[in-house]
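Everything below belongs to my_file_37.txt, which stores compact mmCIF, C-alpha atoms.
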```
# COMPACT_ATOMS: atom_id res chain seq x y z
CA MET A 1 -32.35 13.73 3.55
CA ALA A 2 -31.19 11.04 5.96
CA PHE A 3 -27.55 9.98 5.79
CA ILE A 4 -27.10 6.45 4.41
CA ASP A 5 -23.88 4.80 5.60
CA ASP A 6 -22.90 2.18 3.01
CA LEU A 7 -19.50 1.36 4.47
CA SER A 8 -20.69 -2.16 5.25
CA VAL A 9 -21.14 -3.14 1.59
CA ILE A 10 -17.91 -1.31 0.68
CA VAL A 11 -16.00 -3.41 3.20
CA ASP A 12 -17.73 -6.52 1.81
CA LEU A 13 -16.45 -5.59 -1.65
CA LEU A 14 -12.92 -4.95 -0.37
CA VAL A 15 -12.84 -8.41 1.18
CA LEU A 16 -13.94 -9.90 -2.15
CA VAL A 17 -11.25 -7.92 -3.98
CA ALA A 18 -8.59 -9.32 -1.66
CA VAL A 19 -9.90 -12.87 -2.14
CA VAL A 20 -9.94 -12.57 -5.95
CA ILE A 21 -6.45 -11.01 -6.08
CA PHE A 22 -5.02 -13.78 -3.91
CA TYR A 23 -6.73 -16.59 -5.82
CA THR A 24 -5.81 -15.14 -9.21
CA GLY A 25 -2.23 -14.40 -8.17
CA PHE A 26 -1.67 -17.90 -6.84
CA LEU A 27 -3.11 -19.59 -9.94
CA VAL A 28 -1.11 -17.37 -12.29
CA TRP A 29 2.11 -18.14 -10.38
CA PHE A 30 1.28 -21.86 -10.25
CA HIS A 31 0.65 -22.21 -13.97
CA THR A 32 3.48 -19.90 -15.03
CA LEU A 33 6.40 -21.02 -12.86
CA TYR A 34 5.36 -24.44 -11.56
CA ARG A 35 3.38 -26.00 -14.42
CA LYS A 36 5.05 -23.98 -17.24
CA ASP A 37 1.63 -23.44 -18.85
CA PRO A 38 1.40 -19.74 -19.85
CA ALA A 39 -1.80 -20.24 -21.85
CA ARG A 40 -3.66 -21.55 -18.81
CA ALA A 41 -2.06 -18.83 -16.66
CA TYR A 42 -3.38 -16.17 -19.01
CA ALA A 43 -6.84 -17.74 -19.05
CA HIS A 44 -6.99 -17.51 -15.26
CA LEU A 45 -5.59 -13.97 -15.37
CA ARG A 46 -8.36 -12.92 -17.78
CA GLU A 47 -11.04 -14.33 -15.50
CA GLY A 48 -9.51 -12.67 -12.45
CA GLY A 49 -9.11 -9.40 -14.33
CA PHE A 50 -12.77 -9.48 -15.37
CA VAL A 51 -13.97 -10.05 -11.80
CA LEU A 52 -11.65 -7.37 -10.40
CA GLY A 53 -12.84 -4.92 -13.04
CA LEU A 54 -16.45 -5.68 -12.12
CA LEU A 55 -15.78 -5.20 -8.40
CA GLY A 56 -13.84 -2.03 -9.14
CA GLY A 57 -16.72 -0.63 -11.15
CA ILE A 58 -19.17 -1.26 -8.31
CA LEU A 59 -16.74 0.28 -5.78
CA GLY A 60 -16.35 3.29 -8.04
CA LEU A 61 -20.11 3.84 -8.18
CA PHE A 62 -20.36 3.74 -4.38
CA ALA A 63 -17.36 6.05 -4.05
CA LEU A 64 -18.73 8.64 -6.48
CA TRP A 65 -22.13 8.50 -4.82
CA GLY A 66 -20.49 9.02 -1.43
CA GLU A 67 -18.44 11.97 -2.67
CA PHE A 68 -21.61 13.85 -3.55
CA VAL A 69 -24.06 12.56 -0.94
CA TRP A 70 -22.11 11.84 2.24
CA PRO A 71 -22.07 14.85 4.54
CA LEU A 72 -18.97 16.93 5.18
CA THR A 73 -19.55 16.59 8.93
CA ILE A 74 -21.27 14.00 11.10
CA ALA A 75 -22.33 14.84 14.62
CA THR A 76 -21.25 12.19 17.13
CA PRO A 77 -21.15 12.05 20.94
CA GLY A 78 -17.39 12.61 20.74
CA GLY A 79 -17.71 15.62 18.45
CA ASP A 80 -18.10 16.21 14.73
CA LEU A 81 -16.18 14.01 12.28
CA THR A 82 -15.12 16.17 9.35
CA VAL A 83 -14.60 15.55 5.62
CA TYR A 84 -16.19 12.11 5.88
CA ASN A 85 -16.92 11.94 2.17
CA VAL A 86 -13.40 12.99 1.13
CA PHE A 87 -11.63 10.72 3.63
CA PHE A 88 -13.34 7.56 2.41
CA GLY A 89 -14.43 8.55 -1.10
CA ASP A 90 -11.09 9.66 -2.52
CA PRO A 91 -9.12 6.47 -1.72
CA LEU A 92 -11.98 4.28 -2.92
CA ILE A 93 -12.04 6.08 -6.27
CA LEU A 94 -8.29 5.53 -6.66
CA ILE A 95 -8.69 1.81 -5.92
CA ALA A 96 -11.66 1.55 -8.29
CA VAL A 97 -9.73 3.18 -11.15
CA LEU A 98 -6.83 0.76 -10.68
CA LEU A 99 -9.07 -2.31 -10.65
CA VAL A 100 -11.05 -1.31 -13.73
CA ALA A 101 -7.92 -0.28 -15.65
CA PHE A 102 -6.17 -3.55 -14.77
CA GLY A 103 -9.12 -5.64 -15.88
CA PHE A 104 -9.32 -3.79 -19.19
CA ALA A 105 -5.57 -4.04 -19.83
CA VAL A 106 -5.57 -7.80 -19.20
CA TRP A 107 -8.46 -8.42 -21.58
CA ALA A 108 -6.91 -6.21 -24.26
CA LYS A 109 -3.47 -7.86 -23.80
CA LEU A 110 -2.00 -4.44 -23.09
CA PRO A 111 0.90 -3.69 -20.68
CA THR A 112 -0.26 -3.61 -17.06
CA HIS A 113 2.87 -1.99 -15.62
CA PHE A 114 1.32 1.41 -16.38
CA ILE A 115 -1.40 0.52 -13.88
CA GLY A 116 1.38 -0.67 -11.56
CA VAL A 117 3.05 2.74 -11.67
CA MET A 118 -0.28 4.43 -10.96
CA ALA A 119 -0.80 1.97 -8.12
CA VAL A 120 2.48 3.02 -6.49
CA ALA A 121 1.42 6.67 -6.52
CA SER A 122 -2.14 5.84 -5.45
CA GLY A 123 -0.95 3.54 -2.67
CA GLY A 124 1.22 6.29 -1.25
CA GLY A 125 -1.78 8.60 -1.38
CA VAL A 126 -4.01 6.11 0.42
CA ILE A 127 -1.45 5.72 3.21
CA TYR A 128 -1.21 9.52 3.48
CA TYR A 129 -5.00 9.81 3.78
CA GLY A 130 -4.90 7.22 6.54
CA TYR A 131 -2.11 9.04 8.36
CA ILE A 132 -3.93 12.37 8.22
CA GLY A 133 -7.13 10.70 9.41
CA TYR A 134 -5.29 9.07 12.31
CA GLN A 135 -3.45 12.27 13.21
CA ASN A 136 -6.60 14.39 13.18
CA SER A 137 -8.99 11.77 14.61
CA LEU A 138 -11.32 11.83 11.62
CA THR A 139 -12.97 8.61 12.77
CA LEU A 140 -13.95 7.25 16.17
CA ASP A 141 -11.85 4.11 15.63
CA HIS A 142 -8.50 5.60 14.74
CA LEU A 143 -6.27 2.53 14.79
CA GLU A 144 -8.52 0.17 12.84
CA THR A 145 -9.06 2.77 10.13
CA PHE A 146 -5.37 3.64 9.93
CA LEU A 147 -4.37 -0.02 9.59
CA LEU A 148 -6.97 -0.48 6.85
CA PHE A 149 -5.53 2.41 4.87
CA ILE A 150 -1.93 1.23 5.41
CA ALA A 151 -2.71 -2.33 4.31
CA TRP A 152 -4.51 -1.32 1.12
CA GLY A 153 -1.93 1.34 0.32
CA ALA A 154 0.82 -1.27 0.70
CA LEU A 155 -1.16 -3.66 -1.49
CA ALA A 156 -1.36 -1.04 -4.24
CA ILE A 157 2.37 -0.29 -4.01
CA GLY A 158 3.30 -3.96 -4.02
CA SER A 159 1.25 -4.62 -7.12
CA TYR A 160 3.88 -2.96 -9.33
CA GLY A 161 6.15 -5.99 -9.14
CA ALA A 162 3.19 -8.26 -9.86
CA THR A 163 2.33 -6.27 -13.01
CA LEU A 164 5.91 -6.66 -14.24
CA PHE A 165 5.62 -10.43 -13.77
CA VAL A 166 2.32 -10.42 -15.65
CA ASP A 167 3.67 -8.33 -18.54
CA TRP A 168 6.87 -10.31 -19.05
CA PHE A 169 5.71 -13.86 -18.46
CA VAL A 170 1.91 -14.06 -18.84
CA ILE A 171 0.63 -11.38 -21.20
CA GLY A 172 4.10 -11.33 -22.75
CA ALA A 173 3.58 -14.92 -23.88
CA GLN A 174 0.56 -13.70 -25.87
CA ASN A 175 1.89 -10.24 -26.80
CA PRO A 176 5.70 -9.96 -26.54
CA SER A 177 5.59 -6.15 -26.82
CA ALA A 178 3.71 -5.90 -23.49
CA GLY A 179 6.87 -6.06 -21.38
CA PRO A 180 8.54 -2.78 -20.43
CA LEU A 181 11.82 -4.15 -21.83
CA ALA A 182 12.53 -6.93 -24.30
CA SER A 183 12.79 -10.19 -22.37
CA SER A 184 12.35 -13.91 -22.66
CA THR A 185 8.91 -15.17 -21.73
CA THR A 186 10.62 -17.72 -19.48
CA PRO A 187 11.80 -16.27 -16.13
CA ALA A 188 15.59 -16.36 -15.80
CA TYR A 189 15.35 -16.26 -11.99
CA PRO A 190 12.20 -18.22 -11.07
CA ARG A 191 13.03 -18.35 -7.34
CA MET A 192 13.34 -14.57 -7.18
CA TRP A 193 9.96 -14.16 -8.84
CA THR A 194 8.44 -16.76 -6.56
CA VAL A 195 9.65 -14.84 -3.52
CA LEU A 196 8.29 -11.59 -4.98
CA ILE A 197 4.89 -13.06 -5.81
CA PHE A 198 4.50 -14.77 -2.44
CA ALA A 199 5.52 -11.58 -0.62
CA PHE A 200 2.82 -9.79 -2.60
CA LEU A 201 0.28 -12.47 -1.70
CA VAL A 202 1.15 -12.05 1.99
CA VAL A 203 0.36 -8.34 1.67
CA VAL A 204 -2.93 -9.29 -0.01
CA ILE A 205 -3.80 -11.51 2.96
CA LEU A 206 -2.98 -8.70 5.40
CA ALA A 207 -5.17 -6.29 3.42
CA GLY A 208 -8.02 -8.79 3.55
CA ILE A 209 -7.55 -9.28 7.30
CA ALA A 210 -7.50 -5.49 7.81
CA ALA A 211 -10.80 -5.19 5.92
CA ILE A 212 -12.37 -8.02 7.93
CA TRP A 213 -11.14 -6.52 11.21
CA TYR A 214 -12.46 -3.11 10.25
CA GLY A 215 -15.78 -4.59 9.23
CA GLN A 216 -16.12 -6.74 12.35
CA ASP A 217 -15.26 -3.98 14.81
CA ILE A 218 -16.87 -1.01 13.10
CA VAL A 219 -19.31 -1.80 10.31
CA TRP A 220 -20.76 -5.27 10.72
CA GLY A 221 -20.83 -4.70 14.48
CA HIS A 222 -23.63 -2.23 13.88
CA LEU A 223 -25.93 -5.15 13.03
CA ARG A 224 -25.69 -6.36 16.63
CA GLY A 225 -27.33 -3.15 17.73
CA LEU A 226 -30.43 -3.92 15.66
CA GLY A 227 -31.46 -6.90 17.72
CA PRO A 228 -33.62 -6.92 20.83
```
Rewritten as structure tokens:
Amino acid sequence: MAFIDDLSVIVDLLVLVAVVIFYTGFLVWFHTLYRKDPARAYAHLREGGFVLGLLGGILGLFALWGEFVWPLTIATPGGDLTVYNVFFGDPLILIAVLLVAFGFAVWAKLPTHFIGVMAVASGGGVIYYGYIGYQNSLTLDHLETFLLFIAWGALAIGSYGATLFVDWFVIGAQNPSAGPLASSTTPAYPRMWTVLIFAFLVVVILAGIAAIWYGQDIVWGHLRGLGP
């Protein structure tokens, strides 16, 4: 059976994930800290959680399919690339699980910091996969791939602080028991949380740029070879 490389649509989905996280995060911050409207913040969080869960489910299907169908080795002019399915499939499954779990937790008004803790562990794993791939030249474009893994691993790690914000001040306004510790639903240090959220959004932007760069140089660039 011929090998079907679906990395292009996977990169498309990653770009969409970054866009939705940024847009949702900004709106949630805006309505929570700036407008003091937790009900509207939660409404936007629910919509963002639904879309992220949907994108995560689609990513998970592609990742599982790749784990079973993508070949262990691919012959290239520069030599065989090994464990292709593991190198890309494993991190994508981790990301998919986080997105689906976050979307479900938001809709069920459950604590999201559990997903944040998993994200820290998963993000470290994604960065490790990228490092091993870079060290052992598992792809032909070592730097672009490594930066992609670093950016998305950092995004996963940075999401822990964002989940704490969500549990204390957004979901917590609807379900006070969602926070990891008893706390007021009004932030005592709004500037600190603003800095944290905007730092997280910067990481989201970098992850989106890394996905676009990877897609432009490696995946979408393949389309140029189809022309006359």
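In terms of minimum interatomic distance to A:Gly124, A:Ala154 ranks closest within A:Ile21, A:Ala154, A:Val195, A:Val69, counting all atoms listed in the file.
For the set A:Phe200, A:Phe102, A:Phe146, A:Phe62, the residue with the smallest atom-to-atom gap to A:Val126 is A:Phe146, counting all atoms listed in the file.
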- Query: Near stretch 174-181 of chain A, counting only C-alpha atoms, which residues have an atom at most 12 Å away, once you skip same-chain residues fewer than 3 positions from it, shown as number ranges by chain?
  - Reply: A: 38-43, 105-114, 116-117, 161, 163-171, 184-186
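Using all atoms listed in the file, the nearest neighbour of A:Met118 within the list A:Tyr34, A:Phe50, A:Tyr160, A:Trp65 is A:Tyr160.
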- Message: Applying 10 Å and all atoms listed in the file, which residues near A:Val19 remain after dropping the ones on its own chain fewer than 6 positions away? List them as a PyMOL selection string.
- Response: chain A and resi 13+25+204-205+207-208
- Task: For atom CA of A:Pro190 and atom CA of A:Phe22, quote the distance in Å rounded to one decimal.
- Result: 19.2 Å
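Between atom CA of A:Leu98 and atom CA of A:Leu27 lies a distance of 20.7 Å.
Proximity to A:Ile197 was assessed for A:Leu138, A:Leu14, A:Val28, A:Leu52 counting only C-alpha atoms; the smallest distance is recorded for A:Val28.
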- Note on the structure: Among A:Trp152, A:Phe30, A:Phe104, A:Trp193, A:Leu54 is approached most closely, using all atoms listed in the file, by A:Phe104
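Among A:Phe26, A:Lys36, A:Val51, A:Gly153, the residue with the shortest atom-to-atom distance to A:Ala199, counting all atoms listed in the file, is A:Phe26.
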